[in-house]
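> Below is the structure I would like to discuss, written out as structure tokens.
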Amino acid sequence: MKYSELVKVYDALSATTKKIEKIDILAKFLPRLKDHPEWIYLLRGRVLPDYDEREFGISTQLAIKAIARAAAVDSKEVVKKFHKVGDLGDVAAELIGKKRQSTLFSKELDVARVFDNLRKIVDITGNGAVDRKLSYVIELLSSAAGDGSVYIIRTLLNDLRVGVADAILRDGIVVAFFGEDREMRDKVEETYDKVNDFAEVFAMASKGKKGLDSVRIVPGRPLKVMLPVKVTEIDEAFRICGDKVAVEHKYDGFRVLINKDSRGNVSLFTRRLDNVTNQFPDVVKIVKERIHGNDFILDSEVVGYDPEKMRYRPFEAISQRIRRKHEIERLMKKLPVEINVFDVIYLNGESKIDMPFIERRKVIEKIVNHEPWKIRLSKQIITSDKKEVLKFYKEALKIGEEGVMVKRLDSPYRPGRRVGYIVKMKPEAKDLDLVIVGAEYGRGKRAGGLTSFILACRKNAGSRELVEVGKASSGLKEKEGSDGTTYKEINDILQPLIIKEEKGYVQVKPNVVVSVTYQNVQPSPTYNSGYAMRFPRITHYRPERGKHDIATLDDIKKEFLRMQKRRKGGLG
């Protein structure tokens with residue numbers, strides 16, 4: 001397949017904002033990829049499944065250098081046009097297009113070559129990596145027609161701009177092979193939640209329903225966790241979960257899926273599918289020593305504690321362990337953790353997801369060997385007494401837990417779903433998880449780094465589109481060494497994510513999720529959501545969470561309406 005044919009699909013997808021039209025474009029194109037299911041990644045600007053953390057490693061500066069060499073112009077000319085146009089893809093198309101017009105012969109680029117070169121770029125590491133990556137980029141750009149170079153650059157910069165979110169690609173696969181069958185839509189979604197790999201889902205779907213039925217959970221491969229519904233009242237928890245429920249502590253840690261494959265290899269994945277095995281060798285050691293089974297996948301919460309005072313610490317205190325890839329030994333001693341196991345998904349060659357929760361609990365009771373401050377089962381009661389639940393809830397809050405989880409006893413485990421089998425109940429608080437989409441450089445004592453952060457939520461639950469809801473300049477720590485994330489740490493994380501910079505303001509890739517508290521929500525023409533948080537304050541950096549975890553515009557609107565109702569009732 002010629003790359004120009006894929007470019008036409010990109011152009012068609014870019015030309016519409018309508019979800020139905022995008023799905024129709026994909027449904028007509030996807031069957032052409034049957035022999036190369038991995039090419040489906042290109043529709044989302046990737047060459048790897050979503051759970052694979054590797055990236056192209058191409059910065060804006062490196063892209064500018066590649067365009068200049070491919071077009072045989074000075075880098076200053078590329079920069080000048082970039083400042084004028086604002087899109088390096090368009091700059092590449094203009095400059096390289098002129099170069100190709102003066103070239104007598106050039107071989108047309110095909111998709112296989114683009115995909116192979118992009119995969120090679122991802123895999124390049126070590127000495128001379130930058131120059132080797134650059135050579136592959138120049139090779140692609142030199143062979144690409146104008147429009148092709150647009151999307152090659154945008155792909156390399158993780159900014160494809162064709163609007164193919166997970167749900168759109170999923171529905172494109174459904175329509176391509178099953179038409180408008182709602183049942184098959186759910187089947188495809190369920191399959192994706194188990195494998196987190198659109199190439200694999202596509203390959204299965206192309207073989208029909210039997211192909212999707214062949215999906216298997218595999219230890220060692222990331223799996224989406226089952227998610228709870230949020231409630232604030234015990235009556236609501238019982239209404240959702242039944243007359244008799246399991247109630248467990250909700251720990252202030254981070255979600256970890258513990259995997260052990262048949263060869264004995266242990267791997268750890270967060271709820272956003274990040275592999276944190278190397279950051280937690282202490283957890284790996286405990287798992288090998290204290291959990292019995294040839295292979296398994298267990299759901300757990302890893303919680304930090306103070307090794308001197310022997311008491312639990314808030315998530316923010318240990319969050320740095322998730323993102324640090326150096327000084328592991330020192331952090332293990334300074335910030336030890338305890339594993340709290342609460343569910344089993346797979347054990348000894350068998351999936352347990354369809355087993356009732358109460359039976360799954362019995363399984364983990366048999367295979368987890370408790371050791372204080374190392375590993376334990378989540379604290380649990382089973383009851384139909386609301387007063388007993390309230391007492392358990394208050395006791396959890398008293399010792400510093402976030403609240404409780406209430407679980408339906410006969411429920412299966414459904415990866416990636418908020419299906420009402422479990423609910424979380426904690427004190428109502430005005431805090432939201434949001435993503436940083438822009439930032440401003442500080443002044444005075446904070447000069448030299450990014451210190452004010454533009455925050456965004458999802459436009460709706462099924463969309464990747466983001467809308468801005470405020471700017472936060474407070475909450476982070478000034479000095480390194482204190483518990484919590486510092487301004488310098490967030491600055492260092494954001495710098496490689498900068499897409500565009502102008503007069504002290506930068507636009508960044510929306511990869512950094514933070515928890516934010518605020519006084520209230522009010523209408524605002526300043527942000528494209530139409531709302532703004534008043535006095536927002538960043539309380540936590542959430543490296544274990546992704547954009548799919550953040551609040552939606554509906555959450556913002558509900559909070560605004562709640563505040564309006566309180567004022568009218570004389571309570572605000």
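Convention: chains lettered A, B, ... in structure tokens order; per-chain residue numbering from 1; ligands numbered from 1 as shown.
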Please identify which residues in region 204-364 of chain A DSSP calls strand (DSSP E) from the backbone, and express them as an MDAnalysis selection string.
chainID A and resid 229:231 245:250 254:260 266:270 296:306 311:312 337:347 350:351
> Which value, in Å to one decimal, gives the distance between CA of Ile538 (chain A) and CA of Asp252 (chain A)?
16.8 Å
> Using only C-alpha atoms, which of A:Glu233, A:Asp299, A:Glu559, A:Asp274 sits nearest Val256 (chain A)?
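Nearest candidate to Val256 (chain A) out of A:Glu233, A:Asp299, A:Glu559, A:Asp274: A:Asp299.
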> So how far away is CA of Ile291 (chain A) from CA of Pro372 (chain A), in Å?
14.2 Å
> Give me the residues within 10 Å of Val513 (chain A) as a list in words, counting only C-alpha atoms and dropping any in the same chain fewer than 3 places off.
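Using only C-alpha atoms, the neighbours found are Asp433, Leu434, Val435, Ile436, Val437, Leu455, Ala456, Pro510, Val516, His540, Tyr541, Arg542, Pro543, Glu544, Arg545, Gly546, Lys547, Asp549 and Ile550 of chain A.
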> Would you put the residues from that selection into a file with N, CA and C atoms, as a PDB file, in the first residue's frame?

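again-v6.pdb, written as the output of this step:
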ATOM      1  N   ASP A 433      -9.277  15.132  39.364  1.00  0.00           N
ATOM      2  CA  ASP A 433      -8.074  14.800  38.616  1.00  0.00           C
ATOM      3  C   ASP A 433      -8.171  15.482  37.257  1.00  0.00           C
ATOM      4  N   LEU A 434      -7.141  16.263  36.928  1.00  0.00           N
ATOM      5  CA  LEU A 434      -7.107  17.014  35.672  1.00  0.00           C
ATOM      6  C   LEU A 434      -5.745  16.816  35.021  1.00  0.00           C
ATOM      7  N   VAL A 435      -5.628  17.240  33.765  1.00  0.00           N
ATOM      8  CA  VAL A 435      -4.356  17.084  33.053  1.00  0.00           C
ATOM      9  C   VAL A 435      -3.792  18.465  32.712  1.00  0.00           C
ATOM     10  N   ILE A 436      -2.473  18.599  32.789  1.00  0.00           N
ATOM     11  CA  ILE A 436      -1.806  19.854  32.452  1.00  0.00           C
ATOM     12  C   ILE A 436      -1.644  19.938  30.937  1.00  0.00           C
ATOM     13  N   VAL A 437      -2.149  21.019  30.333  1.00  0.00           N
ATOM     14  CA  VAL A 437      -2.045  21.201  28.877  1.00  0.00           C
ATOM     15  C   VAL A 437      -1.181  22.399  28.496  1.00  0.00           C
ATOM     16  N   LEU A 455      -4.939  23.823  33.307  1.00  0.00           N
ATOM     17  CA  LEU A 455      -5.539  22.516  33.585  1.00  0.00           C
ATOM     18  C   LEU A 455      -6.733  22.261  32.679  1.00  0.00           C
ATOM     19  N   ALA A 456      -6.915  21.009  32.318  1.00  0.00           N
ATOM     20  CA  ALA A 456      -8.025  20.660  31.426  1.00  0.00           C
ATOM     21  C   ALA A 456      -8.703  19.371  31.874  1.00  0.00           C
ATOM     22  N   PRO A 510      -0.542  16.530  26.675  1.00  0.00           N
ATOM     23  CA  PRO A 510      -1.360  16.283  27.880  1.00  0.00           C
ATOM     24  C   PRO A 510      -1.090  14.918  28.507  1.00  0.00           C
ATOM     25  N   VAL A 516      -6.468  18.208  41.954  1.00  0.00           N
ATOM     26  CA  VAL A 516      -6.608  19.635  42.213  1.00  0.00           C
ATOM     27  C   VAL A 516      -7.788  19.877  43.147  1.00  0.00           C
ATOM     28  N   HIS A 540      -1.682  16.739  44.398  1.00  0.00           N
ATOM     29  CA  HIS A 540      -0.918  15.524  44.105  1.00  0.00           C
ATOM     30  C   HIS A 540      -0.556  15.464  42.635  1.00  0.00           C
ATOM     31  N   TYR A 541       0.607  14.962  42.351  1.00  0.00           N
ATOM     32  CA  TYR A 541       0.947  14.524  41.000  1.00  0.00           C
ATOM     33  C   TYR A 541       0.562  13.050  40.928  1.00  0.00           C
ATOM     34  N   ARG A 542      -0.183  12.660  39.871  1.00  0.00           N
ATOM     35  CA  ARG A 542      -0.693  11.299  39.768  1.00  0.00           C
ATOM     36  C   ARG A 542      -0.047  10.582  38.585  1.00  0.00           C
ATOM     37  N   PRO A 543       1.182  10.136  38.720  1.00  0.00           N
ATOM     38  CA  PRO A 543       1.864   9.484  37.593  1.00  0.00           C
ATOM     39  C   PRO A 543       1.253   8.156  37.192  1.00  0.00           C
ATOM     40  N   GLU A 544       0.450   7.553  38.081  1.00  0.00           N
ATOM     41  CA  GLU A 544      -0.141   6.260  37.772  1.00  0.00           C
ATOM     42  C   GLU A 544      -1.461   6.396  37.016  1.00  0.00           C
ATOM     43  N   ARG A 545      -1.879   7.632  36.746  1.00  0.00           N
ATOM     44  CA  ARG A 545      -3.157   7.852  36.075  1.00  0.00           C
ATOM     45  C   ARG A 545      -2.947   8.490  34.703  1.00  0.00           C
ATOM     46  N   GLY A 546      -3.904   8.230  33.809  1.00  0.00           N
ATOM     47  CA  GLY A 546      -3.831   8.760  32.448  1.00  0.00           C
ATOM     48  C   GLY A 546      -5.012   9.656  32.140  1.00  0.00           C
ATOM     49  N   LYS A 547      -5.052  10.150  30.889  1.00  0.00           N
ATOM     50  CA  LYS A 547      -6.120  11.077  30.501  1.00  0.00           C
ATOM     51  C   LYS A 547      -7.498  10.462  30.638  1.00  0.00           C
ATOM     52  N   ASP A 549      -8.555   8.828  32.992  1.00  0.00           N
ATOM     53  CA  ASP A 549      -8.963   8.852  34.400  1.00  0.00           C
ATOM     54  C   ASP A 549      -9.446  10.225  34.856  1.00  0.00           C
ATOM     55  N   ILE A 550      -9.202  11.261  34.065  1.00  0.00           N
ATOM     56  CA  ILE A 550      -9.478  12.614  34.548  1.00  0.00           C
ATOM     57  C   ILE A 550     -10.973  12.940  34.488  1.00  0.00           C
TER      58      ILE A 550
END
> When you draw a straight line from CA of Arg417 (chain A) to CA of Asn259 (chain A), how long is it in Å?
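Taking CA of Arg417 (chain A) and CA of Asn259 (chain A), their separation equals 19.8 Å.
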> Excluding same-chain residues fewer than 4 positions from region 293-298 of chain A, what lies within 6 Å of it counting only C-alpha atoms, as a list in words?
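My reading of the contact set: Leu257, Ile258, Asn259, Lys260, Asp261, Ser262, Asp343, Val344, Ile345, Tyr346, Leu347 and Asn348 of chain A.
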> May I have all residues of region 65-195 of chain A that DSSP, computed from the backbone, assigns to helix (DSSP H, G or I), given as a PyMOL selection string?
chain A and resi 65-71+75-85+88-101+111-123+129-143+146-156+166-178+182-195
> Give me the residues near Asn491 (chain A) as a PyMOL selection string, where near means some atom within 8 Å (using only C-alpha atoms) and where sequence neighbours in that chain fewer than 6 positions away do not count.
chain A and resi 449-451
> My list of candidates is A:Glu248, A:Glu301, A:Glu440, A:Glu359. Which is closest to Gln507 (chain A) when distances are computed with only C-alpha atoms?
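For Gln507 (chain A), the nearest of the candidates is A:Glu440.
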> When distances are computed from only C-alpha atoms, which of A:Ala92, A:Val85, A:Val79, A:Val368 shows the smallest separation from Glu289 (chain A)?
A:Val368
